[in-house]
Amino acid sequence: MREGMSRAHAVAIVGLGPKGLYCLERLLAEFHARPLERPLHIHVFNRSATFGASPVYDPHQPDFILVNISVGEIDLWTAEDPPIVAGRGPDFVTWYQERFQPRGPLFGTEYLPRAVVGQYLVEGFNRIRDHLPNGVTLWCHQG
Ligand SMILES: Cc1cc2nc3c(=O)[nH]c(=O)nc-3n(C[C@H](O)[C@H](O)[C@H](O)COP(=O)(O)OP(=O)(O)OC[C@H]3O[C@@H](n4cnc5c(N)ncnc54)[C@H](O)[C@@H]3O)c2cc1C
């Protein structure tokens with residue numbers, strides 16, 4: 001094994017849509033709860049630059065394209081064991097109300113644009129990326 005390879009573990013996640021994002025968050029939580037002796041390099045690959053949102057939740061798609069689950073069901077931060085390294089973030093409804101301050105409150109039964117859910121996912125990715133445990137380096141590769 002080359003010297004550079006023996007210094008750190010390396011893991012790749014290919015595709016950073018919603019499931020890749022959950023996978024990244026759980027990997028970081030596991031590493032944080034049970035650190036390894038050597039550092040961990042995580043490489044994430046995604047075709048587009050919108051890590052966290054796949055084409056399904058592309059933040060640039062028109063607003064008339066809606067999600068097919070109600071927004072009350074959308075929450076990136078439900079995992080508890082091991083705890084989320086970044087701490088519990090906002091569920092979608094809380095995030096939406098803080099971000100857009102709509103005139104009336106959301107009830108969670110609404111079906112909103114998929115692009116907005118994409119923004120939530122991208123911000124979730126940014127939050128995870130900004131709270132890496134010690135010993136972890138994250139490399140984002142577009143392509
Ligand atoms: C048109 C459409 C609408 C949908 N609407 C909803 C909805 O409203 N609500 C709902 O709950 N579900 C919906 N779904 C189901 C949807 O598939 C899931 O909600 C969710 O997108 C699945 O997430 P995922 O991460 O598994 O896959 P994807 O969302 O497909 O994400 C995969 C990501 O990996 C990237 N990727 C794949 N292969 C590679 C590679 N070799 N190299 C680099 N990057 C790669 C892709 O570009 C993409 O960014 C919809 C599906 C489709 C097709």
# chains A, B, ... in the order shown; residues from 1 in each chain; ligands from 1

$ closest_atom_pairs --of "chain A" --to "ligand 1" --cutoff "10 Å" --atoms "only C-alpha atoms and all ligand atoms" --output "CSV"
residue,atom,partner,partner_atom_place_in_ligand_line,distance
A:Ile13,CA,ligand 1,43 (C),8.8
A:Val14,CA,ligand 1,43 (C),5.3
A:Gly15,CA,ligand 1,34 (O),3.0
A:Leu16,CA,ligand 1,33 (C),4.8
A:Gly17,CA,ligand 1,31 (O),3.5
A:Pro18,CA,ligand 1,25 (O),4.0
A:Lys19,CA,ligand 1,25 (O),3.7
A:Gly20,CA,ligand 1,25 (O),5.3
A:Leu21,CA,ligand 1,25 (O),7.3
A:Tyr22,CA,ligand 1,25 (O),8.5
A:Cys23,CA,ligand 1,25 (O),9.3
A:Val44,CA,ligand 1,43 (C),8.4
A:Phe45,CA,ligand 1,43 (C),4.9
A:Asn46,CA,ligand 1,44 (N),3.6
A:Arg47,CA,ligand 1,44 (N),4.2
A:Ser48,CA,ligand 1,47 (O),6.1
A:Ala49,CA,ligand 1,49 (O),8.8
A:Thr50,CA,ligand 1,49 (O),7.7
A:Phe51,CA,ligand 1,49 (O),7.1
A:Gly52,CA,ligand 1,49 (O),7.3
A:Ala53,CA,ligand 1,49 (O),6.2
A:Ser54,CA,ligand 1,49 (O),3.4
A:Pro55,CA,ligand 1,49 (O),5.7
A:Val56,CA,ligand 1,2 (C),5.2
A:Tyr57,CA,ligand 1,21 (O),6.8
A:Asp58,CA,ligand 1,49 (O),8.8
A:Ile65,CA,ligand 1,8 (O),8.6
A:Leu66,CA,ligand 1,8 (O),6.3
A:Val67,CA,ligand 1,8 (O),3.2
A:Asn68,CA,ligand 1,8 (O),3.8
A:Ile69,CA,ligand 1,9 (N),5.2
A:Ser70,CA,ligand 1,9 (N),8.5
A:Val71,CA,ligand 1,9 (N),9.6
A:Glu73,CA,ligand 1,11 (O),9.1
A:Ile74,CA,ligand 1,11 (O),8.7
A:Tyr111,CA,ligand 1,8 (O),8.7
A:Leu112,CA,ligand 1,8 (O),9.2
A:Pro113,CA,ligand 1,8 (O),8.7
A:Arg114,CA,ligand 1,8 (O),6.5
A:Val117,CA,ligand 1,8 (O),9.1
A:Gly118,CA,ligand 1,21 (O),9.9
A:His141,CA,ligand 1,43 (C),8.5
A:Gln142,CA,ligand 1,43 (C),7.2
A:Gly143,CA,ligand 1,43 (C),5.4

$ select_by_dssp --residues "segment 5-135 of chain A" --states "strand (DSSP E)" --output "NGL selection string"
:A and (9-14 or 40-46)

$ select_by_dssp --residues "chain A" --states "helix (DSSP H, G or I)" --output "count of residues only"
52

$ residues_around --residues "Thr78 of chain A" --least-positions-apart "3" --cutoff "12 Å" --atoms "only C-alpha atoms" --output "JSON, numbers by chain"
{"A": [22, 25, 26, 73, 74, 75, 81, 82, 83, 84, 87, 88, 89, 90, 91, 92]}

$ closest_residue --among "A:Leu106, A:Ala115, A:Ala79, A:Leu28" --to "Asp130 of chain A" --atoms "only C-alpha atoms"
A:Leu28

$ residues_around --residues "Arg38 of chain A" --least-positions-apart "4" --cutoff "7 Å" --atoms "only C-alpha atoms" --output "MDAnalysis selection string"
chainID A and resid 7:9

$ write_last_selection --atoms "C-alpha atoms" --output "PDB file, in the first residue's frame"
ATOM      1  CA  ARG A   7      -2.710   7.413   6.416  1.00  0.00           C
ATOM      2  CA  ALA A   8      -6.446   7.830   5.972  1.00  0.00           C
ATOM      3  CA  HIS A   9      -9.546   5.811   5.235  1.00  0.00           C
TER       4      HIS A   9
END

$ residues_around --residues "segment 135-137 of chain A" --least-positions-apart "5" --cutoff "12 Å" --atoms "only C-alpha atoms" --output "compact mmCIF listing (two decimals) with all heavy atoms, in the first residue's frame"
# COMPACT_ATOMS: atom_id res chain seq x y z
N ARG A 7 -2.49 6.42 5.37
CA ARG A 7 -2.71 7.41 6.42
C ARG A 7 -4.18 7.66 6.72
O ARG A 7 -4.53 8.05 7.79
CB ARG A 7 -2.06 8.74 6.01
CG ARG A 7 -0.57 8.73 6.19
CD ARG A 7 -0.06 10.14 6.33
NE ARG A 7 1.31 10.21 5.87
CZ ARG A 7 1.68 10.80 4.74
NH1 ARG A 7 0.80 11.39 3.99
NH2 ARG A 7 2.94 10.81 4.39
N ALA A 8 -5.03 7.50 5.75
CA ALA A 8 -6.45 7.83 5.97
C ALA A 8 -7.34 6.77 5.33
O ALA A 8 -6.95 6.12 4.36
CB ALA A 8 -6.75 9.20 5.37
N HIS A 9 -8.52 6.62 5.89
CA HIS A 9 -9.55 5.81 5.23
C HIS A 9 -10.21 6.68 4.17
O HIS A 9 -10.31 7.90 4.33
CB HIS A 9 -10.61 5.36 6.23
CG HIS A 9 -10.08 4.53 7.35
ND1 HIS A 9 -9.81 3.19 7.21
CD2 HIS A 9 -9.79 4.84 8.63
CE1 HIS A 9 -9.36 2.70 8.35
NE2 HIS A 9 -9.34 3.68 9.24
N ALA A 10 -10.69 6.08 3.12
CA ALA A 10 -11.39 6.84 2.08
C ALA A 10 -12.69 6.12 1.73
O ALA A 10 -12.71 4.91 1.55
CB ALA A 10 -10.52 6.99 0.84
N VAL A 11 -13.76 6.91 1.67
CA VAL A 11 -15.08 6.38 1.31
C VAL A 11 -15.66 7.28 0.24
O VAL A 11 -15.52 8.51 0.31
CB VAL A 11 -16.03 6.38 2.54
CG1 VAL A 11 -17.46 6.00 2.14
CG2 VAL A 11 -15.53 5.44 3.63
N ALA A 12 -16.28 6.69 -0.77
CA ALA A 12 -16.95 7.49 -1.80
C ALA A 12 -18.46 7.25 -1.75
O ALA A 12 -18.91 6.12 -1.53
CB ALA A 12 -16.42 7.15 -3.18
N LEU A 24 -24.64 10.24 3.85
CA LEU A 24 -23.52 11.07 4.32
C LEU A 24 -23.72 11.47 5.78
O LEU A 24 -22.80 11.35 6.60
CB LEU A 24 -23.41 12.32 3.44
CG LEU A 24 -22.40 13.38 3.89
CD1 LEU A 24 -20.97 12.81 3.85
CD2 LEU A 24 -22.51 14.63 3.01
N LEU A 27 -23.15 8.45 8.01
CA LEU A 27 -21.72 8.09 8.04
C LEU A 27 -20.97 8.99 9.01
O LEU A 27 -20.16 8.53 9.82
CB LEU A 27 -21.14 8.18 6.62
CG LEU A 27 -19.64 7.92 6.47
CD1 LEU A 27 -19.28 6.50 6.92
CD2 LEU A 27 -19.22 8.13 5.01
N LEU A 28 -21.25 10.29 8.93
CA LEU A 28 -20.58 11.25 9.83
C LEU A 28 -20.97 10.99 11.28
O LEU A 28 -20.13 11.07 12.18
CB LEU A 28 -20.95 12.68 9.42
CG LEU A 28 -20.42 13.13 8.06
CD1 LEU A 28 -21.03 14.46 7.66
CD2 LEU A 28 -18.90 13.20 8.06
N ALA A 29 -22.24 10.69 11.51
CA ALA A 29 -22.70 10.42 12.88
C ALA A 29 -22.00 9.19 13.45
O ALA A 29 -21.56 9.17 14.60
CB ALA A 29 -24.22 10.25 12.90
N GLU A 30 -21.88 8.15 12.64
CA GLU A 30 -21.21 6.92 13.09
C GLU A 30 -19.73 7.20 13.39
O GLU A 30 -19.19 6.73 14.38
CB GLU A 30 -21.32 5.82 12.01
CG GLU A 30 -22.72 5.28 11.80
CD GLU A 30 -23.19 4.38 12.95
OE1 GLU A 30 -22.37 4.01 13.82
OE2 GLU A 30 -24.40 4.07 12.98
N PHE A 31 -19.09 7.95 12.51
CA PHE A 31 -17.66 8.26 12.71
C PHE A 31 -17.47 9.07 13.97
O PHE A 31 -16.54 8.85 14.74
CB PHE A 31 -17.11 9.01 11.49
CG PHE A 31 -15.64 9.31 11.59
CD1 PHE A 31 -14.69 8.39 11.16
CD2 PHE A 31 -15.19 10.50 12.15
CE1 PHE A 31 -13.34 8.65 11.27
CE2 PHE A 31 -13.83 10.77 12.26
CZ PHE A 31 -12.91 9.84 11.82
N HIS A 32 -18.38 10.02 14.19
CA HIS A 32 -18.29 10.89 15.37
C HIS A 32 -18.50 10.07 16.65
O HIS A 32 -17.82 10.28 17.67
CB HIS A 32 -19.35 11.99 15.25
CG HIS A 32 -19.21 13.07 16.27
ND1 HIS A 32 -18.03 13.74 16.51
CD2 HIS A 32 -20.10 13.62 17.13
CE1 HIS A 32 -18.20 14.64 17.46
NE2 HIS A 32 -19.45 14.58 17.86
N ARG A 34 -18.07 6.77 16.99
CA ARG A 34 -17.03 5.74 17.14
C ARG A 34 -15.86 6.10 16.24
O ARG A 34 -15.67 5.51 15.18
CB ARG A 34 -17.60 4.37 16.74
CG ARG A 34 -18.56 3.79 17.77
CD ARG A 34 -19.19 2.51 17.29
NE ARG A 34 -20.37 2.79 16.48
CZ ARG A 34 -21.58 3.00 17.00
NH1 ARG A 34 -21.75 2.97 18.31
NH2 ARG A 34 -22.60 3.25 16.23
N PRO A 35 -15.05 7.09 16.68
CA PRO A 35 -13.96 7.57 15.81
C PRO A 35 -12.96 6.45 15.50
O PRO A 35 -12.75 5.55 16.32
CB PRO A 35 -13.29 8.66 16.65
CG PRO A 35 -14.24 8.99 17.74
CD PRO A 35 -15.09 7.78 17.97
N LEU A 36 -12.37 6.55 14.34
CA LEU A 36 -11.33 5.60 13.95
C LEU A 36 -9.96 6.17 14.33
O LEU A 36 -9.84 7.37 14.61
CB LEU A 36 -11.40 5.37 12.43
CG LEU A 36 -12.75 4.86 11.91
CD1 LEU A 36 -12.76 4.86 10.39
CD2 LEU A 36 -13.05 3.47 12.46
N GLU A 37 -8.97 5.31 14.32
CA GLU A 37 -7.63 5.81 14.66
C GLU A 37 -7.09 6.74 13.60
O GLU A 37 -6.35 7.67 13.89
CB GLU A 37 -6.67 4.64 14.85
CG GLU A 37 -6.89 3.93 16.18
CD GLU A 37 -5.96 2.75 16.37
OE1 GLU A 37 -4.98 2.63 15.61
OE2 GLU A 37 -6.23 1.97 17.29
N ARG A 38 -7.47 6.44 12.35
CA ARG A 38 -6.96 7.27 11.25
C ARG A 38 -8.05 8.19 10.72
O ARG A 38 -9.24 7.91 10.90
CB ARG A 38 -6.46 6.35 10.13
CG ARG A 38 -5.18 5.61 10.52
CD ARG A 38 -4.64 4.83 9.36
NE ARG A 38 -5.22 3.50 9.30
CZ ARG A 38 -5.54 2.87 8.17
NH1 ARG A 38 -5.37 3.45 7.01
NH2 ARG A 38 -6.06 1.67 8.21
N PRO A 39 -7.67 9.30 10.09
CA PRO A 39 -8.68 10.22 9.54
C PRO A 39 -9.52 9.55 8.45
O PRO A 39 -9.14 8.50 7.92
CB PRO A 39 -7.85 11.37 8.95
CG PRO A 39 -6.45 11.15 9.36
CD PRO A 39 -6.30 9.75 9.83
N LEU A 40 -10.62 10.21 8.14
CA LEU A 40 -11.53 9.69 7.11
C LEU A 40 -11.68 10.74 6.01
O LEU A 40 -12.01 11.90 6.29
CB LEU A 40 -12.90 9.40 7.74
CG LEU A 40 -14.01 8.96 6.79
CD1 LEU A 40 -13.66 7.62 6.11
CD2 LEU A 40 -15.34 8.84 7.55
N HIS A 41 -11.42 10.33 4.79
CA HIS A 41 -11.66 11.19 3.64
C HIS A 41 -12.93 10.70 2.94
O HIS A 41 -13.00 9.54 2.55
CB HIS A 41 -10.49 11.14 2.64
CG HIS A 41 -9.25 11.78 3.16
ND1 HIS A 41 -8.07 11.81 2.45
CD2 HIS A 41 -9.00 12.43 4.32
CE1 HIS A 41 -7.14 12.44 3.15
NE2 HIS A 41 -7.67 12.82 4.28
N ILE A 42 -13.91 11.59 2.83
CA ILE A 42 -15.15 11.22 2.13
C ILE A 42 -15.22 11.97 0.82
O ILE A 42 -15.10 13.20 0.79
CB ILE A 42 -16.39 11.56 2.98
CG1 ILE A 42 -16.32 10.89 4.36
CG2 ILE A 42 -17.66 11.11 2.27
CD1 ILE A 42 -17.45 11.29 5.31
N HIS A 43 -15.39 11.23 -0.25
CA HIS A 43 -15.54 11.84 -1.58
C HIS A 43 -17.00 11.67 -2.01
O HIS A 43 -17.50 10.54 -2.08
CB HIS A 43 -14.63 11.15 -2.59
CG HIS A 43 -13.17 11.33 -2.28
ND1 HIS A 43 -12.41 12.34 -2.81
CD2 HIS A 43 -12.34 10.63 -1.47
CE1 HIS A 43 -11.17 12.26 -2.36
NE2 HIS A 43 -11.10 11.23 -1.54
N VAL A 44 -17.67 12.78 -2.26
CA VAL A 44 -19.03 12.67 -2.79
C VAL A 44 -19.05 13.12 -4.24
O VAL A 44 -18.44 14.13 -4.60
CB VAL A 44 -20.08 13.46 -1.94
CG1 VAL A 44 -20.21 12.86 -0.56
CG2 VAL A 44 -19.77 14.92 -1.85
N VAL A 85 -24.34 15.01 13.99
CA VAL A 85 -23.17 15.82 14.37
C VAL A 85 -23.54 17.31 14.36
O VAL A 85 -23.14 18.07 15.26
CB VAL A 85 -21.98 15.56 13.42
CG1 VAL A 85 -20.77 16.40 13.84
CG2 VAL A 85 -21.62 14.08 13.40
N ILE A 128 -24.64 20.13 7.00
CA ILE A 128 -23.85 18.92 7.30
C ILE A 128 -22.38 19.16 6.96
O ILE A 128 -21.48 18.85 7.73
CB ILE A 128 -24.42 17.72 6.51
CG1 ILE A 128 -25.78 17.32 7.10
CG2 ILE A 128 -23.45 16.55 6.50
CD1 ILE A 128 -26.58 16.36 6.25
N ARG A 129 -22.14 19.76 5.79
CA ARG A 129 -20.77 20.04 5.34
C ARG A 129 -20.05 20.99 6.30
O ARG A 129 -18.84 20.90 6.49
CB ARG A 129 -20.84 20.67 3.94
CG ARG A 129 -19.51 20.96 3.29
CD ARG A 129 -19.67 21.97 2.19
NE ARG A 129 -20.27 23.20 2.72
CZ ARG A 129 -20.83 24.16 1.98
NH1 ARG A 129 -20.90 24.02 0.69
NH2 ARG A 129 -21.31 25.23 2.55
N ASP A 130 -20.81 21.90 6.92
CA ASP A 130 -20.19 22.89 7.82
C ASP A 130 -19.98 22.36 9.23
O ASP A 130 -19.49 23.10 10.09
CB ASP A 130 -21.06 24.16 7.87
CG ASP A 130 -21.08 24.89 6.54
OD1 ASP A 130 -20.20 24.61 5.70
OD2 ASP A 130 -21.98 25.73 6.32

$ atom_distance --atom1 "atom CA of Trp77 of chain A" --atom2 "atom CA of Gly124 of chain A"
8.9 Å

$ decode --residues "segment 87-98 of chain A" --atoms "N, CA, C and O atoms" --output "compact mmCIF listing (two decimals), in the first residue's frame"
# COMPACT_ATOMS: atom_id res chain seq x y z
N GLY A 87 -26.31 18.57 14.99
CA GLY A 87 -27.46 18.82 15.86
C GLY A 87 -28.74 18.81 15.05
O GLY A 87 -28.72 18.81 13.81
N ARG A 88 -29.86 18.81 15.76
CA ARG A 88 -31.14 18.74 15.04
C ARG A 88 -31.39 20.04 14.29
O ARG A 88 -31.35 21.13 14.89
N GLY A 89 -31.63 19.91 13.01
CA GLY A 89 -31.98 21.08 12.21
C GLY A 89 -33.49 21.20 12.10
O GLY A 89 -34.23 20.38 12.65
N PRO A 90 -33.96 22.21 11.37
CA PRO A 90 -35.40 22.42 11.26
C PRO A 90 -36.06 21.41 10.32
O PRO A 90 -35.49 21.03 9.30
N ASP A 91 -37.27 20.98 10.70
CA ASP A 91 -38.06 20.21 9.73
C ASP A 91 -38.47 21.17 8.61
O ASP A 91 -38.31 22.39 8.73
N PHE A 92 -39.01 20.63 7.53
CA PHE A 92 -39.28 21.48 6.37
C PHE A 92 -40.22 22.63 6.71
O PHE A 92 -39.99 23.78 6.31
N VAL A 93 -41.30 22.33 7.44
CA VAL A 93 -42.31 23.36 7.71
C VAL A 93 -41.69 24.51 8.51
O VAL A 93 -41.90 25.69 8.18
N THR A 94 -40.91 24.19 9.53
CA THR A 94 -40.26 25.22 10.34
C THR A 94 -39.30 26.04 9.48
O THR A 94 -39.27 27.28 9.54
N TRP A 95 -38.50 25.32 8.69
CA TRP A 95 -37.53 25.99 7.80
C TRP A 95 -38.26 26.93 6.85
O TRP A 95 -37.86 28.09 6.68
N TYR A 96 -39.34 26.46 6.24
CA TYR A 96 -40.06 27.25 5.24
C TYR A 96 -40.61 28.53 5.86
O TYR A 96 -40.52 29.62 5.29
N GLN A 97 -41.17 28.38 7.05
CA GLN A 97 -41.79 29.55 7.68
C GLN A 97 -40.74 30.59 8.09
O GLN A 97 -40.96 31.79 7.96
N GLU A 98 -39.58 30.11 8.55
CA GLU A 98 -38.52 31.06 8.90
C GLU A 98 -37.94 31.72 7.66
O GLU A 98 -37.64 32.91 7.64
